[in-house]
file target-v1.cif (mmCIF, C-alpha atoms)
data_my_file
loop_
_atom_site.label_atom_id
_atom_site.label_comp_id
_atom_site.auth_asym_id
_atom_site.auth_seq_id
_atom_site.Cartn_x
_atom_site.Cartn_y
_atom_site.Cartn_z
CA GLY A 1 3.95 -12.92 10.38
CA GLU A 2 1.91 -13.13 7.20
CA ASN A 3 3.60 -13.92 3.86
CA VAL A 4 1.86 -12.93 0.63
CA GLU A 5 3.07 -14.34 -2.68
CA GLN A 6 1.88 -12.79 -5.95
CA HIS A 7 2.10 -14.15 -9.49
CA PRO A 8 2.90 -13.39 -12.21
CA SER A 9 5.33 -10.51 -11.80
CA THR A 10 4.56 -9.31 -15.34
CA LEU A 11 1.54 -9.91 -17.52
CA SER A 12 0.92 -8.75 -21.08
CA VAL A 13 -2.48 -9.08 -22.72
CA GLN A 14 -4.20 -7.84 -25.83
CA GLU A 15 -6.91 -5.26 -25.41
CA GLY A 16 -10.23 -7.00 -24.84
CA ASP A 17 -8.68 -10.11 -23.32
CA SER A 18 -8.98 -11.08 -19.66
CA ALA A 19 -6.20 -10.82 -17.09
CA VAL A 20 -5.85 -12.86 -13.92
CA ILE A 21 -3.44 -12.17 -11.07
CA LYS A 22 -3.09 -14.67 -8.23
CA CYS A 23 -1.98 -14.31 -4.63
CA THR A 24 -1.48 -16.77 -1.81
CA TYR A 25 -1.22 -16.03 1.89
CA SER A 26 0.15 -18.01 4.79
CA ASP A 27 -1.79 -16.90 7.89
CA SER A 28 -5.20 -18.52 8.12
CA ALA A 29 -6.29 -15.72 10.49
CA SER A 30 -6.13 -13.14 7.66
CA ASN A 31 -9.64 -12.06 6.77
CA TYR A 32 -9.33 -8.91 4.67
CA PHE A 33 -7.84 -8.84 1.16
CA PRO A 34 -7.58 -5.55 -0.76
CA TRP A 35 -6.20 -4.98 -4.24
CA TYR A 36 -4.43 -1.78 -5.20
CA LYS A 37 -3.66 -0.34 -8.62
CA GLN A 38 -0.63 1.91 -9.01
CA GLU A 39 -0.15 3.82 -12.23
CA LEU A 40 3.30 5.11 -13.09
CA GLY A 41 4.26 7.95 -10.80
CA LYS A 42 0.99 7.81 -8.88
CA ARG A 43 -0.09 6.60 -5.47
CA PRO A 44 -1.58 3.12 -4.94
CA GLN A 45 -5.36 3.23 -5.16
CA LEU A 46 -7.77 0.65 -3.83
CA ILE A 47 -9.76 -0.93 -6.63
CA ILE A 48 -11.57 -3.76 -4.85
CA ASP A 49 -11.42 -5.68 -1.61
CA ILE A 50 -12.94 -8.85 -0.21
CA ARG A 51 -13.56 -10.20 3.24
CA SER A 52 -13.26 -13.82 4.20
CA ASN A 53 -17.00 -14.27 4.69
CA VAL A 54 -17.59 -14.05 0.94
CA GLY A 55 -16.10 -16.04 -1.92
CA GLU A 56 -16.42 -13.56 -4.76
CA LYS A 57 -16.99 -9.87 -5.33
CA LYS A 58 -17.53 -8.00 -8.59
CA ASP A 59 -17.34 -4.37 -9.59
CA GLN A 60 -17.99 -3.85 -13.29
CA ARG A 61 -15.01 -5.37 -15.14
CA ILE A 62 -13.14 -6.29 -11.99
CA ALA A 63 -13.75 -9.28 -9.76
CA VAL A 64 -11.93 -10.89 -6.88
CA THR A 65 -12.30 -14.50 -5.77
CA LEU A 66 -11.20 -16.00 -2.48
CA ASN A 67 -10.53 -19.61 -1.56
CA LYS A 68 -10.04 -19.70 2.20
CA THR A 69 -9.25 -23.40 2.30
CA ALA A 70 -6.43 -23.07 -0.18
CA LYS A 71 -5.48 -19.61 1.14
CA HIS A 72 -5.43 -17.93 -2.21
CA PHE A 73 -7.26 -15.06 -3.85
CA SER A 74 -7.27 -13.75 -7.40
CA LEU A 75 -8.01 -10.56 -9.30
CA HIS A 76 -9.86 -10.92 -12.58
CA ILE A 77 -10.07 -8.09 -15.10
CA THR A 78 -12.30 -8.67 -18.11
CA GLU A 79 -12.39 -6.76 -21.39
CA THR A 80 -9.05 -5.15 -20.61
CA GLN A 81 -8.30 -1.66 -21.87
CA PRO A 82 -4.97 0.16 -22.28
CA GLU A 83 -5.83 2.29 -19.24
CA ASP A 84 -5.77 -0.88 -17.14
CA SER A 85 -1.99 -0.92 -17.64
CA ALA A 86 -0.45 -0.45 -14.19
CA VAL A 87 1.15 -2.32 -11.31
CA TYR A 88 -1.35 -4.25 -9.22
CA PHE A 89 -0.66 -5.19 -5.59
CA CYS A 90 -2.56 -7.68 -3.50
CA ALA A 91 -2.51 -7.50 0.28
CA ALA A 92 -3.74 -9.44 3.28
CA SER A 93 -4.58 -8.44 6.81
CA TYR A 94 -6.56 -9.36 9.89
CA ARG A 95 -9.49 -7.14 10.77
CA PHE A 96 -11.84 -7.45 13.74
CA ARG A 97 -15.12 -5.59 13.28
CA GLY A 98 -13.40 -3.13 10.98
CA SER A 99 -10.65 -2.23 13.43
CA THR A 100 -7.05 -2.38 12.47
CA LEU A 101 -5.45 -5.05 14.58
CA GLY A 102 -2.91 -6.11 12.00
CA ARG A 103 -0.90 -4.37 9.32
CA LEU A 104 -1.38 -4.88 5.59
CA TYR A 105 1.03 -7.39 4.06
CA PHE A 106 1.62 -6.67 0.38
CA GLY A 107 2.54 -8.93 -2.49
CA ARG A 108 5.43 -7.99 -4.75
CA GLY A 109 3.18 -6.59 -7.46
CA THR A 110 2.24 -7.48 -11.04
CA GLN A 111 3.05 -5.19 -13.95
CA LEU A 112 0.07 -5.48 -16.29
CA THR A 113 0.48 -4.20 -19.83
CA VAL A 114 -2.54 -4.06 -22.13
CA TRP A 115 -1.61 -3.71 -25.81
CA PRO A 116 -4.04 -1.91 -28.11
CA SER B 117 -12.20 8.66 1.10
CA ALA B 118 -9.69 10.87 2.89
CA VAL B 119 -7.81 13.71 1.21
CA ILE B 120 -4.14 13.22 2.03
CA SER B 121 -1.31 15.59 1.19
CA GLN B 122 2.42 15.17 1.59
CA LYS B 123 5.21 17.73 1.62
CA PRO B 124 7.59 17.91 -0.05
CA SER B 125 6.50 16.06 -3.17
CA ARG B 126 10.12 15.51 -4.11
CA ASP B 127 13.57 16.51 -2.95
CA ILE B 128 17.22 16.02 -3.76
CA CYS B 129 19.44 15.86 -0.70
CA GLN B 130 23.10 15.48 0.12
CA ARG B 131 24.30 12.46 2.03
CA GLY B 132 24.59 12.97 5.77
CA THR B 133 21.68 15.40 5.93
CA SER B 134 18.14 14.81 7.18
CA LEU B 135 14.75 15.41 5.59
CA THR B 136 11.38 15.68 7.30
CA ILE B 137 8.32 14.62 5.34
CA GLN B 138 4.89 15.84 6.38
CA CYS B 139 1.58 14.03 5.96
CA GLN B 140 -1.67 15.96 6.43
CA VAL B 141 -5.18 14.50 6.30
CA ASP B 142 -8.36 16.51 5.83
CA SER B 143 -10.18 14.73 8.68
CA GLN B 144 -9.35 12.76 11.80
CA VAL B 145 -8.08 9.24 11.24
CA THR B 146 -7.32 6.45 13.64
CA MET B 147 -4.27 4.96 12.03
CA MET B 148 -1.42 6.53 10.10
CA PHE B 149 1.36 4.52 8.50
CA TRP B 150 4.64 5.26 6.73
CA TYR B 151 5.83 3.13 3.82
CA ARG B 152 8.90 3.05 1.62
CA GLN B 153 8.72 2.03 -2.02
CA GLN B 154 11.97 1.57 -3.86
CA PRO B 155 11.93 1.75 -7.68
CA GLY B 156 10.04 -1.17 -9.16
CA GLN B 157 9.42 -2.68 -5.76
CA SER B 158 6.49 -3.33 -3.47
CA LEU B 159 5.41 -1.31 -0.46
CA THR B 160 7.47 -1.83 2.69
CA LEU B 161 5.96 -0.72 5.98
CA ILE B 162 8.38 1.39 8.02
CA ALA B 163 6.21 2.08 11.05
CA THR B 164 2.79 2.83 12.44
CA ALA B 165 2.51 6.39 13.72
CA ASN B 166 0.66 6.35 17.04
CA GLN B 167 -1.04 9.50 18.28
CA GLY B 168 0.41 10.58 21.59
CA SER B 169 2.91 7.76 21.89
CA GLU B 170 6.00 6.36 20.23
CA ALA B 171 5.69 4.88 16.76
CA THR B 172 5.71 1.12 16.26
CA TYR B 173 8.56 0.16 13.94
CA GLU B 174 8.79 -2.85 11.69
CA SER B 175 11.78 -5.15 11.66
CA GLY B 176 14.75 -3.49 10.02
CA PHE B 177 13.67 0.08 10.79
CA VAL B 178 14.77 2.01 13.89
CA ILE B 179 13.71 5.22 15.54
CA ASP B 180 17.14 6.82 15.32
CA LYS B 181 17.09 6.55 11.53
CA PHE B 182 13.37 7.21 10.96
CA PRO B 183 11.99 9.31 13.82
CA ILE B 184 8.22 9.77 13.54
CA SER B 185 5.89 12.22 15.18
CA ARG B 186 2.11 12.24 15.34
CA PRO B 187 0.96 15.19 17.44
CA ASN B 188 -2.74 14.85 16.53
CA LEU B 189 -5.24 12.78 14.54
CA THR B 190 -4.65 14.56 11.22
CA PHE B 191 -0.89 15.07 10.98
CA SER B 192 2.33 13.06 11.07
CA THR B 193 5.95 13.54 10.11
CA LEU B 194 8.66 11.10 9.11
CA THR B 195 12.30 12.15 9.25
CA VAL B 196 14.93 10.34 7.23
CA SER B 197 18.13 10.95 9.21
CA ASN B 198 21.77 10.91 8.18
CA MET B 199 20.80 10.02 4.64
CA SER B 200 22.79 7.84 2.27
CA PRO B 201 22.12 7.06 -1.41
CA GLU B 202 20.43 3.82 -0.27
CA ASP B 203 17.65 5.97 1.23
CA SER B 204 16.66 7.15 -2.24
CA SER B 205 13.08 6.00 -2.56
CA ILE B 206 9.45 7.05 -2.53
CA TYR B 207 8.03 7.55 0.95
CA LEU B 208 4.26 7.25 1.32
CA CYS B 209 1.95 7.83 4.22
CA SER B 210 -1.35 6.01 4.47
CA VAL B 211 -4.36 6.33 6.74
CA GLU B 212 -7.28 4.32 8.07
CA ARG B 213 -10.37 5.42 9.94
CA GLU B 214 -11.74 3.46 12.89
CA GLY B 215 -14.33 1.00 11.71
CA ARG B 216 -13.31 1.42 8.06
CA GLU B 217 -10.99 -1.22 6.71
CA THR B 218 -9.84 0.71 3.68
CA GLN B 219 -6.34 2.15 3.75
CA TYR B 220 -5.74 5.25 1.62
CA PHE B 221 -2.36 6.45 0.45
CA GLY B 222 -0.88 9.89 0.14
CA PRO B 223 0.75 11.03 -3.11
CA GLY B 224 4.23 10.15 -1.92
CA THR B 225 7.54 11.98 -1.54
CA ARG B 226 10.26 11.16 -4.06
CA LEU B 227 13.65 11.38 -2.39
CA LEU B 228 16.99 11.29 -4.16
CA VAL B 229 20.13 11.26 -2.06
CA LEU B 230 23.39 12.17 -3.76
#
call {"tool": "encode", "arguments": {"input": "target-v1.cif", "output": "structure tokens"}}
result
Amino acid sequence: GENVEQHPSTLSVQEGDSAVIKCTYSDSASNYFPWYKQELGKRPQLIIDIRSNVGEKKDQRIAVTLNKTAKHFSLHITETQPEDSAVYFCAASYRFRGSTLGRLYFGRGTQLTVWP
Amino acid sequence: SAVISQKPSRDICQRGTSLTIQCQVDSQVTMMFWYRQQPGQSLTLIATANQGSEATYESGFVIDKFPISRPNLTFSTLTVSNMSPEDSSIYLCSVEREGRETQYFGPGTRLLVL
């Protein structure tokens, strides 16, 4: 099955700095890569996702990049704010025309702390 | 997005007992999943709840320990049977709609087994 590695496990940045979290995957068939944010005591919430037919996707201060050849994808958060502090999980899966044919495989998570 | 509720939100149970967790969605969904998240850990898939048929379990999880029901397209239950302190965890359901790749999570059930 798929194996998703996520680094770093913890990341501390100063408010206003950028944060980058990296994930690698093993199955070249994976074509859907979501990122979830989980605040303390809350449920994981999808913040951005990318499909393998695009190399980059942005949503305000958040962007995700995908390198299919190298089988890695990254989350970029610019102008970080204290409310960005949370655990971030990457995941990988195979999707065919939007249907679920494969489960989500999650990374181990990154604890991001943004200091004011 | 789907509105997902779970009951109970938390519980404290004695070892050897069983607890049934309910997951209710406000609209029909194709896929429902059950995850376990131990403190400070990632999300571990227990099983996929299939409507009208037996659940599909991941390696390391068995039906006798985690029986699952899914009687319709909006509701599922997960039972944690013969509990031990090692079962203390957060249990989350998640859902996907056909044709929509996004998976949404319920609020979770915090279980403590004494």
call {"tool": "resolve_selection", "arguments": {"input": "target-v1.cif", "expression": "the PyMOL selection byres ((chain B and resi 165-173) around 12)", "output": "PyMOL selection string"}}
result
(chain A and resi 103) or (chain B and resi 139+144-151+160-164+174-194+209-212)
call {"tool": "residues_around", "arguments": {"input": "target-v1.cif", "residues": "Val87 in chain A", "least_positions_apart": "5", "cutoff": "7 Å", "atoms": "only C-alpha atoms", "output": "VMD selection string"}}
result
chain A and resid 37 to 39 109 to 112
call {"tool": "closest_atom_pairs", "arguments": {"input": "target-v1.cif", "of": "chain A", "to": "chain B", "cutoff": "12 Å", "atoms": "all atoms listed in the file", "output": "JSON lines"}}
result
{"residue": "A:Gly1", "atom": "CA", "partner": "B:Ser175", "partner_atom": "CA", "distance": 11.1}
{"residue": "A:Val4", "atom": "CA", "partner": "B:Ser158", "partner_atom": "CA", "distance": 11.4}
{"residue": "A:Glu5", "atom": "CA", "partner": "B:Ser158", "partner_atom": "CA", "distance": 11.6}
{"residue": "A:Gln6", "atom": "CA", "partner": "B:Ser158", "partner_atom": "CA", "distance": 10.8}
{"residue": "A:Ser9", "atom": "CA", "partner": "B:Gln157", "partner_atom": "CA", "distance": 10.7}
{"residue": "A:Thr10", "atom": "CA", "partner": "B:Gly156", "partner_atom": "CA", "distance": 11.6}
{"residue": "A:Asn31", "atom": "CA", "partner": "B:Glu217", "partner_atom": "CA", "distance": 10.9}
{"residue": "A:Tyr32", "atom": "CA", "partner": "B:Glu217", "partner_atom": "CA", "distance": 8.1}
{"residue": "A:Phe33", "atom": "CA", "partner": "B:Glu217", "partner_atom": "CA", "distance": 9.9}
{"residue": "A:Pro34", "atom": "CA", "partner": "B:Thr218", "partner_atom": "CA", "distance": 8.0}
{"residue": "A:Trp35", "atom": "CA", "partner": "B:Thr218", "partner_atom": "CA", "distance": 10.4}
{"residue": "A:Tyr36", "atom": "CA", "partner": "B:Tyr220", "partner_atom": "CA", "distance": 9.9}
{"residue": "A:Lys37", "atom": "CA", "partner": "B:Phe221", "partner_atom": "CA", "distance": 11.4}
{"residue": "A:Gln38", "atom": "CA", "partner": "B:Ser158", "partner_atom": "CA", "distance": 10.4}
{"residue": "A:Glu39", "atom": "CA", "partner": "B:Pro223", "partner_atom": "CA", "distance": 11.7}
{"residue": "A:Leu40", "atom": "CA", "partner": "B:Gly156", "partner_atom": "CA", "distance": 10.0}
{"residue": "A:Gly41", "atom": "CA", "partner": "B:Pro223", "partner_atom": "CA", "distance": 9.0}
{"residue": "A:Lys42", "atom": "CA", "partner": "B:Pro223", "partner_atom": "CA", "distance": 6.6}
{"residue": "A:Arg43", "atom": "CA", "partner": "B:Pro223", "partner_atom": "CA", "distance": 5.1}
{"residue": "A:Pro44", "atom": "CA", "partner": "B:Phe221", "partner_atom": "CA", "distance": 6.4}
{"residue": "A:Gln45", "atom": "CA", "partner": "B:Tyr220", "partner_atom": "CA", "distance": 7.1}
{"residue": "A:Leu46", "atom": "CA", "partner": "B:Tyr220", "partner_atom": "CA", "distance": 7.4}
{"residue": "A:Ile47", "atom": "CA", "partner": "B:Thr218", "partner_atom": "CA", "distance": 10.4}
{"residue": "A:Ile48", "atom": "CA", "partner": "B:Thr218", "partner_atom": "CA", "distance": 9.8}
{"residue": "A:Asp49", "atom": "CA", "partner": "B:Thr218", "partner_atom": "CA", "distance": 8.4}
{"residue": "A:Ile50", "atom": "CA", "partner": "B:Glu217", "partner_atom": "CA", "distance": 10.5}
{"residue": "A:Arg51", "atom": "CA", "partner": "B:Glu217", "partner_atom": "CA", "distance": 10.0}
{"residue": "A:Ala86", "atom": "CA", "partner": "B:Gly156", "partner_atom": "CA", "distance": 11.7}
{"residue": "A:Val87", "atom": "CA", "partner": "B:Gly156", "partner_atom": "CA", "distance": 9.2}
{"residue": "A:Tyr88", "atom": "CA", "partner": "B:Ser158", "partner_atom": "CA", "distance": 9.8}
{"residue": "A:Phe89", "atom": "CA", "partner": "B:Ser158", "partner_atom": "CA", "distance": 7.7}
{"residue": "A:Cys90", "atom": "CA", "partner": "B:Ser158", "partner_atom": "CA", "distance": 10.0}
{"residue": "A:Ala91", "atom": "CA", "partner": "B:Leu159", "partner_atom": "CA", "distance": 10.1}
{"residue": "A:Ala92", "atom": "CA", "partner": "B:Glu217", "partner_atom": "CA", "distance": 11.5}
{"residue": "A:Ser93", "atom": "CA", "partner": "B:Glu217", "partner_atom": "CA", "distance": 9.7}
{"residue": "A:Tyr94", "atom": "CA", "partner": "B:Glu217", "partner_atom": "CA", "distance": 9.8}
{"residue": "A:Arg95", "atom": "CA", "partner": "B:Glu217", "partner_atom": "CA", "distance": 7.3}
{"residue": "A:Phe96", "atom": "CA", "partner": "B:Gly215", "partner_atom": "CA", "distance": 9.0}
{"residue": "A:Arg97", "atom": "CA", "partner": "B:Gly215", "partner_atom": "CA", "distance": 6.8}
{"residue": "A:Gly98", "atom": "CA", "partner": "B:Gly215", "partner_atom": "CA", "distance": 4.3}
{"residue": "A:Ser99", "atom": "CA", "partner": "B:Gly215", "partner_atom": "CA", "distance": 5.2}
{"residue": "A:Thr100", "atom": "CA", "partner": "B:Glu217", "partner_atom": "CA", "distance": 7.1}
{"residue": "A:Leu101", "atom": "CA", "partner": "B:Glu217", "partner_atom": "CA", "distance": 10.4}
{"residue": "A:Gly102", "atom": "CA", "partner": "B:Thr164", "partner_atom": "CA", "distance": 10.6}
{"residue": "A:Arg103", "atom": "CA", "partner": "B:Leu161", "partner_atom": "CA", "distance": 8.5}
{"residue": "A:Leu104", "atom": "CA", "partner": "B:Leu161", "partner_atom": "CA", "distance": 8.4}
{"residue": "A:Tyr105", "atom": "CA", "partner": "B:Leu161", "partner_atom": "CA", "distance": 8.5}
{"residue": "A:Phe106", "atom": "CA", "partner": "B:Leu159", "partner_atom": "CA", "distance": 6.6}
{"residue": "A:Gly107", "atom": "CA", "partner": "B:Ser158", "partner_atom": "CA", "distance": 6.9}
{"residue": "A:Arg108", "atom": "CA", "partner": "B:Ser158", "partner_atom": "CA", "distance": 4.9}
{"residue": "A:Gly109", "atom": "CA", "partner": "B:Ser158", "partner_atom": "CA", "distance": 6.1}
{"residue": "A:Thr110", "atom": "CA", "partner": "B:Ser158", "partner_atom": "CA", "distance": 9.6}
{"residue": "A:Gln111", "atom": "CA", "partner": "B:Gly156", "partner_atom": "CA", "distance": 9.4}
call {"tool": "residues_around", "arguments": {"input": "target-v1.cif", "residues": "range 199-203 of chain B", "least_positions_apart": "3", "cutoff": "8 Å", "atoms": "all atoms listed in the file", "output": "PyMOL selection string"}}
result
chain B and resi 130-134+196+227-230
call {"tool": "residues_around", "arguments": {"input": "target-v1.cif", "residues": "Thr69 in chain A", "least_positions_apart": "3", "cutoff": "10 Å", "atoms": "all atoms listed in the file", "output": "list in words"}}
result
Ser28, Leu66 and His72 of chain A
call {"tool": "resolve_selection", "arguments": {"input": "target-v1.cif", "expression": "the PyMOL selection byres ((chain A and resi 80) around 8)", "output": "mmCIF file with C-alpha atoms, keeping the file's coordinate frame"}}
result
data_model
loop_
_atom_site.group_PDB
_atom_site.id
_atom_site.type_symbol
_atom_site.label_atom_id
_atom_site.label_comp_id
_atom_site.auth_asym_id
_atom_site.auth_seq_id
_atom_site.Cartn_x
_atom_site.Cartn_y
_atom_site.Cartn_z
ATOM 1 C CA VAL A 13 -2.480 -9.080 -22.720
ATOM 2 C CA GLN A 14 -4.200 -7.840 -25.830
ATOM 3 C CA GLU A 15 -6.910 -5.260 -25.410
ATOM 4 C CA GLY A 16 -10.230 -7.000 -24.840
ATOM 5 C CA ASP A 17 -8.680 -10.110 -23.320
ATOM 6 C CA SER A 18 -8.980 -11.080 -19.660
ATOM 7 C CA ALA A 19 -6.200 -10.820 -17.090
ATOM 8 C CA ILE A 77 -10.070 -8.090 -15.100
ATOM 9 C CA THR A 78 -12.300 -8.670 -18.110
ATOM 10 C CA GLU A 79 -12.390 -6.760 -21.390
ATOM 11 C CA GLN A 81 -8.300 -1.660 -21.870
ATOM 12 C CA PRO A 82 -4.970 0.160 -22.280
ATOM 13 C CA ASP A 84 -5.770 -0.880 -17.140
ATOM 14 C CA VAL A 114 -2.540 -4.060 -22.130
#
call {"tool": "residues_around", "arguments": {"input": "target-v1.cif", "residues": "Asn3 in chain A", "least_positions_apart": "4", "cutoff": "8 Å", "atoms": "only C-alpha atoms", "output": "list in words"}}
result
Tyr25, Ser26, Asp27 and Tyr105 of chain A
call {"tool": "atom_distance", "arguments": {"input": "target-v1.cif", "atom1": "CA of Asn67 in chain A", "atom2": "CA of Lys22 in chain A"}}
result
11.1 Å
call {"tool": "decode", "arguments": {"input": "target-v1.cif", "residues": "range 204-215 of chain B", "atoms": "N, CA and C atoms", "output": "compact mmCIF listing (two decimals), in the first residue's frame"}}
result
# COMPACT_ATOMS: atom_id res chain seq x y z
N SER B 204 -8.25 3.53 24.80
CA SER B 204 -8.45 4.95 25.05
C SER B 204 -7.90 5.75 23.88
N SER B 205 -8.76 6.55 23.28
CA SER B 205 -8.39 7.23 22.04
C SER B 205 -9.52 8.16 21.63
N ILE B 206 -9.30 8.86 20.54
CA ILE B 206 -10.38 9.60 19.89
C ILE B 206 -10.81 8.79 18.67
N TYR B 207 -12.11 8.60 18.53
CA TYR B 207 -12.65 7.87 17.39
C TYR B 207 -13.43 8.86 16.52
N LEU B 208 -13.06 8.90 15.25
CA LEU B 208 -13.66 9.86 14.32
C LEU B 208 -14.31 9.13 13.15
N CYS B 209 -15.47 9.61 12.76
CA CYS B 209 -16.02 9.14 11.50
C CYS B 209 -15.74 10.19 10.44
N SER B 210 -15.70 9.76 9.21
CA SER B 210 -15.53 10.70 8.10
C SER B 210 -16.40 10.23 6.94
N VAL B 211 -16.72 11.16 6.05
CA VAL B 211 -17.63 10.85 4.95
C VAL B 211 -17.12 11.44 3.65
N GLU B 212 -17.52 10.80 2.56
CA GLU B 212 -17.29 11.32 1.21
C GLU B 212 -18.55 11.12 0.40
N ARG B 213 -18.79 12.09 -0.50
CA ARG B 213 -19.91 11.94 -1.43
C ARG B 213 -19.38 11.45 -2.78
N GLU B 214 -20.20 10.69 -3.49
CA GLU B 214 -19.83 10.21 -4.81
C GLU B 214 -19.50 11.38 -5.70
N GLY B 215 -18.37 11.29 -6.38
CA GLY B 215 -17.99 12.35 -7.30
C GLY B 215 -17.30 13.52 -6.64
